[in-house]
file entry_39.cif (mmCIF, C-alpha atoms)
data_query
#
loop_
_atom_site.group_PDB
_atom_site.id
_atom_site.type_symbol
_atom_site.label_atom_id
_atom_site.label_comp_id
_atom_site.auth_asym_id
_atom_site.auth_seq_id
_atom_site.Cartn_x
_atom_site.Cartn_y
_atom_site.Cartn_z
ATOM 1 C CA MET A 11 18.383 -10.788 -23.306
ATOM 2 C CA GLY A 12 18.049 -8.512 -20.279
ATOM 3 C CA THR A 13 14.560 -7.443 -21.381
ATOM 4 C CA LEU A 14 13.574 -11.087 -21.919
ATOM 5 C CA LEU A 15 14.749 -12.092 -18.445
ATOM 6 C CA TRP A 16 12.947 -9.087 -16.949
ATOM 7 C CA GLY A 17 9.736 -10.141 -18.722
ATOM 8 C CA ILE A 18 10.097 -13.713 -17.451
ATOM 9 C CA VAL A 19 10.595 -12.460 -13.875
ATOM 10 C CA ILE A 20 7.514 -10.198 -14.069
ATOM 11 C CA THR A 21 5.384 -12.975 -15.597
ATOM 12 C CA THR A 22 6.525 -15.472 -12.953
ATOM 13 C CA LYS A 23 5.777 -12.985 -10.182
ATOM 14 C CA PHE A 24 2.306 -12.318 -11.602
ATOM 15 C CA ALA A 25 1.594 -16.067 -11.908
ATOM 16 C CA PHE A 26 2.759 -16.638 -8.312
ATOM 17 C CA ILE A 27 0.471 -13.849 -7.023
ATOM 18 C CA CYS A 28 -2.485 -15.286 -8.951
ATOM 19 C CA ILE A 29 -1.835 -18.799 -7.615
ATOM 20 C CA MET A 30 -1.563 -17.485 -4.056
ATOM 21 C CA GLY A 31 -4.793 -15.522 -4.528
ATOM 22 C CA GLU A 32 -6.550 -18.631 -5.814
ATOM 23 C CA GLN A 33 -5.309 -20.650 -2.840
ATOM 24 C CA MET A 34 -6.584 -17.972 -0.440
ATOM 25 C CA SER A 35 -9.989 -18.012 -2.160
ATOM 26 C CA VAL A 36 -10.143 -21.822 -2.050
ATOM 27 C CA GLU A 37 -9.183 -21.850 1.627
ATOM 28 C CA ASN A 38 -11.827 -19.235 2.373
ATOM 29 C CA ARG A 39 -14.512 -21.334 0.645
ATOM 30 C CA ARG A 40 -13.312 -24.463 2.452
ATOM 31 C CA ILE A 41 -13.598 -22.808 5.864
ATOM 32 C CA LEU A 42 -17.022 -21.453 4.986
ATOM 33 C CA ALA A 43 -18.240 -24.854 3.799
ATOM 34 C CA ALA A 44 -16.860 -26.534 6.952
ATOM 35 C CA LEU A 45 -18.675 -24.081 9.234
ATOM 36 C CA GLN A 46 -21.941 -24.409 7.343
ATOM 37 C CA THR A 47 -21.648 -28.194 7.383
ATOM 38 C CA GLY A 48 -20.954 -28.107 11.125
ATOM 39 C CA LEU A 49 -24.106 -26.092 11.746
ATOM 40 C CA ALA A 50 -26.180 -28.408 9.575
ATOM 41 C CA ASN A 51 -24.829 -31.585 11.214
ATOM 42 C CA HIS A 52 -25.306 -30.303 14.775
ATOM 43 C CA PRO A 53 -28.848 -28.888 15.072
ATOM 44 C CA ASP A 54 -28.778 -29.403 18.872
ATOM 45 C CA MET A 55 -25.751 -27.127 19.278
ATOM 46 C CA ASP A 56 -25.769 -24.574 22.078
ATOM 47 C CA PHE A 57 -27.649 -21.443 20.963
ATOM 48 C CA GLN A 58 -24.852 -19.038 21.933
ATOM 49 C CA ARG A 59 -22.211 -21.035 20.089
ATOM 50 C CA LYS A 60 -24.485 -21.391 17.085
ATOM 51 C CA GLY A 61 -24.957 -17.621 17.062
ATOM 52 C CA GLU A 62 -21.193 -17.029 17.177
ATOM 53 C CA ILE A 63 -20.624 -19.427 14.291
ATOM 54 C CA SER A 64 -23.443 -17.841 12.291
ATOM 55 C CA ARG A 65 -21.981 -14.382 12.809
ATOM 56 C CA PHE A 66 -18.538 -15.653 11.789
ATOM 57 C CA ILE A 67 -20.046 -17.213 8.650
ATOM 58 C CA HIS A 68 -21.714 -13.894 7.879
ATOM 59 C CA GLN A 69 -18.399 -12.077 8.284
ATOM 60 C CA ILE A 70 -16.691 -14.505 5.914
ATOM 61 C CA GLN A 71 -19.441 -14.067 3.358
ATOM 62 C CA MET A 72 -19.333 -10.286 3.588
ATOM 63 C CA GLN A 73 -15.548 -9.917 3.540
ATOM 64 C CA ASP A 74 -13.991 -10.593 0.135
ATOM 65 C CA ILE A 75 -10.386 -11.602 0.789
ATOM 66 C CA ARG A 76 -9.550 -11.625 -2.892
ATOM 67 C CA VAL A 77 -7.147 -8.948 -4.124
ATOM 68 C CA LYS A 78 -8.376 -6.789 -6.988
ATOM 69 C CA ALA A 79 -6.177 -6.841 -10.071
ATOM 70 C CA PHE A 80 -6.753 -4.462 -12.978
ATOM 71 C CA ASP A 81 -10.359 -3.373 -12.567
ATOM 72 C CA SER A 82 -13.343 -3.853 -10.287
ATOM 73 C CA SER A 83 -14.216 -7.208 -11.871
ATOM 74 C CA SER A 84 -10.742 -8.789 -11.922
ATOM 75 C CA TYR A 85 -8.954 -10.533 -9.077
ATOM 76 C CA TYR A 86 -5.589 -12.185 -8.719
ATOM 77 C CA ASP A 87 -6.765 -15.764 -9.260
ATOM 78 C CA LEU A 88 -6.556 -18.538 -11.830
ATOM 79 C CA THR A 89 -9.287 -16.969 -13.972
ATOM 80 C CA THR A 90 -7.273 -13.771 -14.370
ATOM 81 C CA LEU A 91 -4.084 -15.788 -14.895
ATOM 82 C CA LYS A 92 -5.688 -17.809 -17.710
ATOM 83 C CA ARG A 93 -7.044 -14.666 -19.347
ATOM 84 C CA VAL A 94 -3.706 -12.858 -19.170
ATOM 85 C CA MET A 95 -1.738 -15.896 -20.348
ATOM 86 C CA GLY A 96 -4.115 -16.325 -23.291
ATOM 87 C CA THR A 97 -3.581 -12.703 -24.298
ATOM 88 C CA LEU A 98 0.164 -13.071 -23.746
ATOM 89 C CA LEU A 99 0.364 -16.193 -25.924
ATOM 90 C CA TRP A 100 -1.622 -14.453 -28.647
ATOM 91 C CA GLY A 101 0.804 -11.526 -28.460
ATOM 92 C CA ILE A 102 3.787 -13.888 -28.670
ATOM 93 C CA VAL A 103 2.323 -15.547 -31.784
ATOM 94 C CA ILE A 104 1.727 -12.174 -33.475
ATOM 95 C CA THR A 105 5.192 -10.921 -32.465
ATOM 96 C CA THR A 106 6.853 -14.106 -33.748
ATOM 97 C CA LYS A 107 4.996 -13.791 -37.048
ATOM 98 C CA PHE A 108 6.055 -10.137 -37.386
ATOM 99 C CA ALA A 109 9.689 -10.984 -36.558
ATOM 100 C CA PHE A 110 9.665 -13.862 -39.070
ATOM 101 C CA ILE A 111 8.335 -11.576 -41.836
ATOM 102 C CA CYS A 112 10.972 -8.947 -41.010
ATOM 103 C CA ILE A 113 13.772 -11.533 -41.071
ATOM 104 C CA MET A 114 12.551 -12.922 -44.395
ATOM 105 C CA GLY A 115 12.381 -9.384 -45.816
ATOM 106 C CA GLU A 116 15.928 -8.698 -44.622
ATOM 107 C CA GLN A 117 17.165 -11.926 -46.225
ATOM 108 C CA MET A 118 15.467 -10.997 -49.514
ATOM 109 C CA SER A 119 17.128 -7.575 -49.442
ATOM 110 C CA VAL A 120 20.553 -9.072 -48.663
ATOM 111 C CA GLU A 121 20.173 -11.617 -51.462
ATOM 112 C CA ASN A 122 19.172 -8.856 -53.871
ATOM 113 C CA ARG A 123 22.266 -6.838 -52.967
ATOM 114 C CA ARG A 124 24.464 -9.933 -53.268
ATOM 115 C CA ILE A 125 23.217 -10.706 -56.786
ATOM 116 C CA LEU A 126 23.654 -7.088 -57.816
ATOM 117 C CA ALA A 127 27.208 -6.982 -56.435
ATOM 118 C CA ALA A 128 28.066 -10.294 -58.166
ATOM 119 C CA LEU A 129 26.841 -9.027 -61.552
ATOM 120 C CA GLN A 130 28.665 -5.711 -61.210
ATOM 121 C CA THR A 131 31.855 -7.529 -60.156
ATOM 122 C CA GLY A 132 31.529 -9.870 -63.135
ATOM 123 C CA LEU A 133 31.291 -6.940 -65.541
ATOM 124 C CA ALA A 134 34.303 -5.231 -63.920
ATOM 125 C CA ASN A 135 36.447 -8.378 -63.970
ATOM 126 C CA HIS A 136 35.651 -9.243 -67.608
ATOM 127 C CA PRO A 137 36.062 -6.081 -69.698
ATOM 128 C CA ASP A 138 36.582 -8.198 -72.867
ATOM 129 C CA MET A 139 33.149 -9.836 -72.532
ATOM 130 C CA ASP A 140 30.962 -10.146 -75.617
ATOM 131 C CA PHE A 141 29.129 -6.871 -76.259
ATOM 132 C CA GLN A 142 25.694 -8.511 -76.524
ATOM 133 C CA ARG A 143 26.143 -10.463 -73.292
ATOM 134 C CA LYS A 144 27.469 -7.367 -71.529
ATOM 135 C CA GLY A 145 24.396 -5.447 -72.676
ATOM 136 C CA GLU A 146 22.056 -8.162 -71.335
ATOM 137 C CA ILE A 147 23.816 -8.163 -67.954
ATOM 138 C CA SER A 148 23.748 -4.350 -67.820
ATOM 139 C CA ARG A 149 20.004 -4.317 -68.521
ATOM 140 C CA PHE A 150 19.477 -6.989 -65.870
ATOM 141 C CA ILE A 151 21.479 -4.899 -63.376
ATOM 142 C CA HIS A 152 19.336 -1.899 -64.273
ATOM 143 C CA GLN A 153 16.150 -3.920 -63.672
ATOM 144 C CA ILE A 154 17.420 -5.064 -60.276
ATOM 145 C CA GLN A 155 18.254 -1.482 -59.321
ATOM 146 C CA MET A 156 14.865 -0.179 -60.463
ATOM 147 C CA GLN A 157 12.732 -2.910 -58.893
ATOM 148 C CA ASP A 158 12.491 -2.736 -55.092
ATOM 149 C CA ILE A 159 11.709 -6.242 -53.855
ATOM 150 C CA ARG A 160 11.242 -5.094 -50.268
ATOM 151 C CA VAL A 161 7.726 -5.261 -48.811
ATOM 152 C CA LYS A 162 6.336 -2.043 -47.388
ATOM 153 C CA ALA A 163 5.250 -2.242 -43.760
ATOM 154 C CA PHE A 164 3.307 0.571 -42.101
ATOM 155 C CA ASP A 165 4.073 3.630 -44.208
ATOM 156 C CA SER A 166 5.965 4.636 -47.325
ATOM 157 C CA SER A 167 9.300 4.767 -45.481
ATOM 158 C CA SER A 168 9.084 1.462 -43.583
ATOM 159 C CA TYR A 169 9.831 -2.009 -44.870
ATOM 160 C CA TYR A 170 9.719 -5.452 -43.327
ATOM 161 C CA ASP A 171 13.389 -5.736 -42.430
ATOM 162 C CA LEU A 172 15.651 -5.733 -39.378
ATOM 163 C CA THR A 173 15.530 -1.939 -39.144
ATOM 164 C CA THR A 174 11.751 -1.989 -38.758
ATOM 165 C CA LEU A 175 11.992 -4.892 -36.302
ATOM 166 C CA LYS A 176 14.506 -3.040 -34.118
ATOM 167 C CA ARG A 177 12.399 0.123 -34.262
ATOM 168 C CA ALA A 178 9.251 -1.791 -33.243
ATOM 169 C CA VAL A 179 11.046 -3.489 -30.329
ATOM 170 C CA ALA A 180 12.422 -0.127 -29.158
ATOM 171 C CA SER A 181 8.955 1.467 -29.358
ATOM 172 C CA VAL A 182 7.338 -1.347 -27.354
ATOM 173 C CA ALA A 183 10.101 -1.240 -24.732
ATOM 174 C CA THR A 184 9.713 2.539 -24.405
ATOM 175 C CA PHE A 185 5.936 2.185 -24.057
ATOM 176 C CA ILE A 186 6.312 -0.425 -21.301
ATOM 177 C CA ILE A 187 8.857 1.704 -19.427
ATOM 178 C CA VAL A 188 6.555 4.729 -19.595
ATOM 179 C CA LEU A 189 3.629 2.658 -18.294
ATOM 180 C CA ILE A 190 5.699 1.310 -15.407
ATOM 181 C CA GLN A 191 6.909 4.789 -14.453
ATOM 182 C CA PHE A 192 3.366 6.189 -14.701
ATOM 183 C CA ALA A 193 1.997 3.382 -12.511
ATOM 184 C CA ALA A 194 4.742 4.025 -9.950
ATOM 185 C CA LEU A 195 3.946 7.756 -9.906
ATOM 186 C CA VAL A 196 0.219 7.105 -9.456
ATOM 187 C CA ALA A 197 0.891 4.633 -6.639
ATOM 188 C CA GLN A 198 3.216 7.091 -4.903
ATOM 189 C CA ALA A 199 0.708 9.931 -5.290
ATOM 190 C CA ALA A 200 -2.077 7.738 -3.909
ATOM 191 C CA SER A 201 0.050 6.776 -0.893
ATOM 192 C CA ASP A 202 0.835 10.449 -0.251
ATOM 193 C CA GLY A 203 -2.836 11.359 -0.438
ATOM 194 C CA SER A 204 -2.400 13.806 -3.307
ATOM 195 C CA VAL A 205 -4.722 11.837 -5.592
ATOM 196 C CA PRO A 206 -8.402 11.984 -4.632
ATOM 197 C CA LYS A 207 -9.952 8.570 -4.201
ATOM 198 C CA CYS A 208 -13.450 7.715 -5.359
ATOM 199 C CA ASN A 209 -15.856 6.601 -2.627
ATOM 200 C CA CYS A 210 -18.509 5.133 -4.906
ATOM 201 C CA GLN A 211 -19.425 1.472 -4.678
ATOM 202 C CA LYS A 212 -18.039 0.660 -8.138
ATOM 203 C CA CYS A 213 -14.536 1.704 -7.105
#
call {"tool": "encode", "arguments": {"input": "entry_39.cif", "output": "structure tokens"}}
result
Amino acid sequence: MGTLLWGIVITTKFAFICIMGEQMSVENRRILAALQTGLANHPDMDFQRKGEISRFIHQIQMQDIRVKAFDSSSYYDLTTLKRVMGTLLWGIVITTKFAFICIMGEQMSVENRRILAALQTGLANHPDMDFQRKGEISRFIHQIQMQDIRVKAFDSSSYYDLTTLKRAVASVATFIIVLIQFAALVAQAASDGSVPKCNCQKC
């Protein structure tokens, strides 16, 4: 539950940043359009004032107020938010499907053990049972013990059950924690100046 709440907080924070970035971009375009419209609607404007407005328009066009997100082509705006949310929803669907398969596999395994325990208890509680019937039940118990109804997952030692589900959740949580710590270390190193920064135009 704590991990779920943490994920919701991070997702909400990311969505808020993207919405704010989109609003900043929209406001920037609105100001630019208003200035350009003002120049077009007032051709007899004073030359000095027109020059100041033109230079200000040029500054707005040259300065990108958008905040870069993950790479040089991504910004914190609605486009990035839609792309991330689409990937997130796809991940949720795949995760839900995996969890459902694991739960179904666990239920199959529990039901198999329950039937086996019921048959063994029946034989123990009825020692005077007919020999032929006892032999049939014993053979059926042997078949249940020999046949593994569990579905193999990733390797020969993994099955779709709650153990595999818990292990997968723990692995994903560990991976996310490592990524967060690595990103924090890189950010701290960059702020200290110990990481060389690239001066090329792509970066």
call {"tool": "closest_residue", "arguments": {"input": "entry_39.cif", "among": "A:Met95, A:Ile186, A:Ile41, A:Ile20", "to": "Gln71 (chain A)", "atoms": "only C-alpha atoms"}}
result
A:Ile41
call {"tool": "closest_residue", "arguments": {"input": "entry_39.cif", "among": "A:Leu175, A:Ile151, A:Ala43, A:Met55", "to": "Ala163 (chain A)", "atoms": "all atoms listed in the file"}}
result
A:Leu175
call {"tool": "atom_distance", "arguments": {"input": "entry_39.cif", "atom1": "CA of Arg59 (chain A)", "atom2": "CA of Leu42 (chain A)"}}
result
16.0 Å
call {"tool": "axis_aligned_box", "arguments": {"input": "entry_39.cif", "around": "region 174-188 of chain A", "padding_each_side": "4 Å", "output": "AutoDock Vina command-line options"}}
result
--center_x 10.2 --center_y -0.1 --center_z -29.1 --size_x 16.6 --size_y 17.6 --size_z 27.3
call {"tool": "closest_residue", "arguments": {"input": "entry_39.cif", "among": "A:Asp56, A:Asp158, A:Glu37, A:Glu62", "to": "Asn122 (chain A)", "atoms": "only C-alpha atoms"}}
result
A:Asp158
call {"tool": "closest_residue", "arguments": {"input": "entry_39.cif", "among": "A:Thr173, A:Ile27, A:Lys162, A:Leu129", "to": "Glu146 (chain A)", "atoms": "only C-alpha atoms"}}
result
A:Leu129
call {"tool": "decode", "arguments": {"input": "entry_39.cif", "residues": "region 37-140 of chain A", "atoms": "C-alpha atoms", "output": "mmCIF file, in the first residue's frame"}}
result
data_model
loop_
_atom_site.group_PDB
_atom_site.id
_atom_site.type_symbol
_atom_site.label_atom_id
_atom_site.label_comp_id
_atom_site.auth_asym_id
_atom_site.auth_seq_id
_atom_site.Cartn_x
_atom_site.Cartn_y
_atom_site.Cartn_z
ATOM 1 C CA GLU A 37 0.988 31.595 -22.465
ATOM 2 C CA ASN A 38 4.235 32.134 -24.350
ATOM 3 C CA ARG A 39 2.493 31.524 -27.696
ATOM 4 C CA ARG A 40 -0.380 33.808 -26.683
ATOM 5 C CA ILE A 41 1.971 36.681 -25.861
ATOM 6 C CA LEU A 42 3.859 36.141 -29.097
ATOM 7 C CA ALA A 43 0.656 36.101 -31.146
ATOM 8 C CA ALA A 44 -0.599 39.263 -29.387
ATOM 9 C CA LEU A 45 2.624 41.147 -30.148
ATOM 10 C CA GLN A 46 2.665 40.042 -33.771
ATOM 11 C CA THR A 47 -0.992 40.982 -34.157
ATOM 12 C CA GLY A 48 -0.288 44.384 -32.601
ATOM 13 C CA LEU A 49 2.478 45.050 -35.108
ATOM 14 C CA ALA A 50 0.298 43.960 -38.012
ATOM 15 C CA ASN A 51 -2.690 46.069 -36.904
ATOM 16 C CA HIS A 52 -0.619 49.214 -36.295
ATOM 17 C CA PRO A 53 1.598 49.797 -39.357
ATOM 18 C CA ASP A 54 1.885 53.522 -38.490
ATOM 19 C CA MET A 55 3.441 52.769 -35.096
ATOM 20 C CA ASP A 56 6.457 54.785 -34.001
ATOM 21 C CA PHE A 57 9.632 53.284 -35.500
ATOM 22 C CA GLN A 58 11.481 53.077 -32.172
ATOM 23 C CA ARG A 59 8.593 51.340 -30.437
ATOM 24 C CA LYS A 60 8.149 49.000 -33.378
ATOM 25 C CA GLY A 61 11.837 48.112 -33.162
ATOM 26 C CA GLU A 62 11.562 47.373 -29.432
ATOM 27 C CA ILE A 63 8.550 45.133 -29.994
ATOM 28 C CA SER A 64 10.286 43.357 -32.873
ATOM 29 C CA ARG A 65 13.349 42.702 -30.738
ATOM 30 C CA PHE A 66 11.140 41.415 -27.914
ATOM 31 C CA ILE A 67 9.347 39.110 -30.370
ATOM 32 C CA HIS A 68 12.724 37.848 -31.553
ATOM 33 C CA GLN A 69 13.778 37.156 -27.965
ATOM 34 C CA ILE A 70 10.584 35.204 -27.323
ATOM 35 C CA GLN A 71 11.096 33.177 -30.472
ATOM 36 C CA MET A 72 14.714 32.419 -29.640
ATOM 37 C CA GLN A 73 14.190 31.577 -25.969
ATOM 38 C CA ASP A 74 12.480 28.225 -25.401
ATOM 39 C CA ILE A 75 10.832 28.431 -21.983
ATOM 40 C CA ARG A 76 9.852 24.787 -22.051
ATOM 41 C CA VAL A 77 11.590 22.493 -19.567
ATOM 42 C CA LYS A 78 13.328 19.456 -21.027
ATOM 43 C CA ALA A 79 12.132 16.133 -19.659
ATOM 44 C CA PHE A 80 13.920 12.879 -20.467
ATOM 45 C CA ASP A 81 15.866 13.664 -23.622
ATOM 46 C CA SER A 82 16.567 16.504 -26.025
ATOM 47 C CA SER A 83 13.247 16.011 -27.829
ATOM 48 C CA SER A 84 10.938 15.717 -24.803
ATOM 49 C CA TYR A 85 9.464 18.528 -22.739
ATOM 50 C CA TYR A 86 7.197 18.660 -19.733
ATOM 51 C CA ASP A 87 3.951 19.270 -21.623
ATOM 52 C CA LEU A 88 0.730 17.492 -22.521
ATOM 53 C CA THR A 89 2.399 15.569 -25.353
ATOM 54 C CA THR A 90 4.896 14.009 -22.952
ATOM 55 C CA LEU A 91 2.140 13.427 -20.387
ATOM 56 C CA LYS A 92 -0.002 11.564 -22.941
ATOM 57 C CA ARG A 93 2.955 9.467 -24.061
ATOM 58 C CA VAL A 94 3.947 8.557 -20.507
ATOM 59 C CA MET A 95 0.363 7.841 -19.444
ATOM 60 C CA GLY A 96 -0.115 5.597 -22.484
ATOM 61 C CA THR A 97 2.997 3.626 -21.563
ATOM 62 C CA LEU A 98 1.905 3.546 -17.921
ATOM 63 C CA LEU A 99 -1.564 2.231 -18.797
ATOM 64 C CA TRP A 100 -0.022 -0.425 -21.024
ATOM 65 C CA GLY A 101 2.244 -1.438 -18.139
ATOM 66 C CA ILE A 102 -0.728 -1.595 -15.759
ATOM 67 C CA VAL A 103 -2.619 -3.860 -18.185
ATOM 68 C CA ILE A 104 0.372 -6.208 -18.550
ATOM 69 C CA THR A 105 0.981 -6.210 -14.778
ATOM 70 C CA THR A 106 -2.695 -6.931 -14.061
ATOM 71 C CA LYS A 107 -2.659 -9.799 -16.553
ATOM 72 C CA PHE A 108 0.502 -11.241 -14.968
ATOM 73 C CA ALA A 109 -0.962 -10.916 -11.453
ATOM 74 C CA PHE A 110 -4.216 -12.569 -12.579
ATOM 75 C CA ILE A 111 -2.316 -15.526 -14.090
ATOM 76 C CA CYS A 112 -0.247 -15.897 -10.908
ATOM 77 C CA ILE A 113 -3.359 -15.821 -8.708
ATOM 78 C CA MET A 114 -5.094 -18.398 -10.902
ATOM 79 C CA GLY A 115 -1.986 -20.611 -10.767
ATOM 80 C CA GLU A 116 -1.897 -20.311 -6.975
ATOM 81 C CA GLN A 117 -5.584 -21.245 -6.745
ATOM 82 C CA MET A 118 -4.997 -24.288 -8.973
ATOM 83 C CA SER A 119 -2.109 -25.394 -6.758
ATOM 84 C CA VAL A 120 -4.154 -24.913 -3.571
ATOM 85 C CA GLU A 121 -7.070 -26.855 -5.045
ATOM 86 C CA ASN A 122 -4.719 -29.655 -6.074
ATOM 87 C CA ARG A 123 -3.319 -29.882 -2.545
ATOM 88 C CA ARG A 124 -6.828 -29.794 -1.067
ATOM 89 C CA ILE A 125 -8.011 -32.707 -3.222
ATOM 90 C CA LEU A 126 -4.885 -34.681 -2.400
ATOM 91 C CA ALA A 127 -5.310 -34.058 1.338
ATOM 92 C CA ALA A 128 -9.016 -35.023 1.161
ATOM 93 C CA LEU A 129 -8.238 -38.330 -0.578
ATOM 94 C CA GLN A 130 -5.430 -39.184 1.836
ATOM 95 C CA THR A 131 -7.669 -38.316 4.808
ATOM 96 C CA GLY A 132 -10.442 -40.492 3.380
ATOM 97 C CA LEU A 133 -8.103 -43.473 3.110
ATOM 98 C CA ALA A 134 -6.829 -42.927 6.674
ATOM 99 C CA ASN A 135 -10.322 -42.576 8.149
ATOM 100 C CA HIS A 136 -11.721 -45.663 6.381
ATOM 101 C CA PRO A 137 -9.245 -48.524 6.847
ATOM 102 C CA ASP A 138 -12.038 -51.094 6.223
ATOM 103 C CA MET A 139 -12.739 -49.723 2.729
ATOM 104 C CA ASP A 140 -13.177 -52.167 -0.140
#
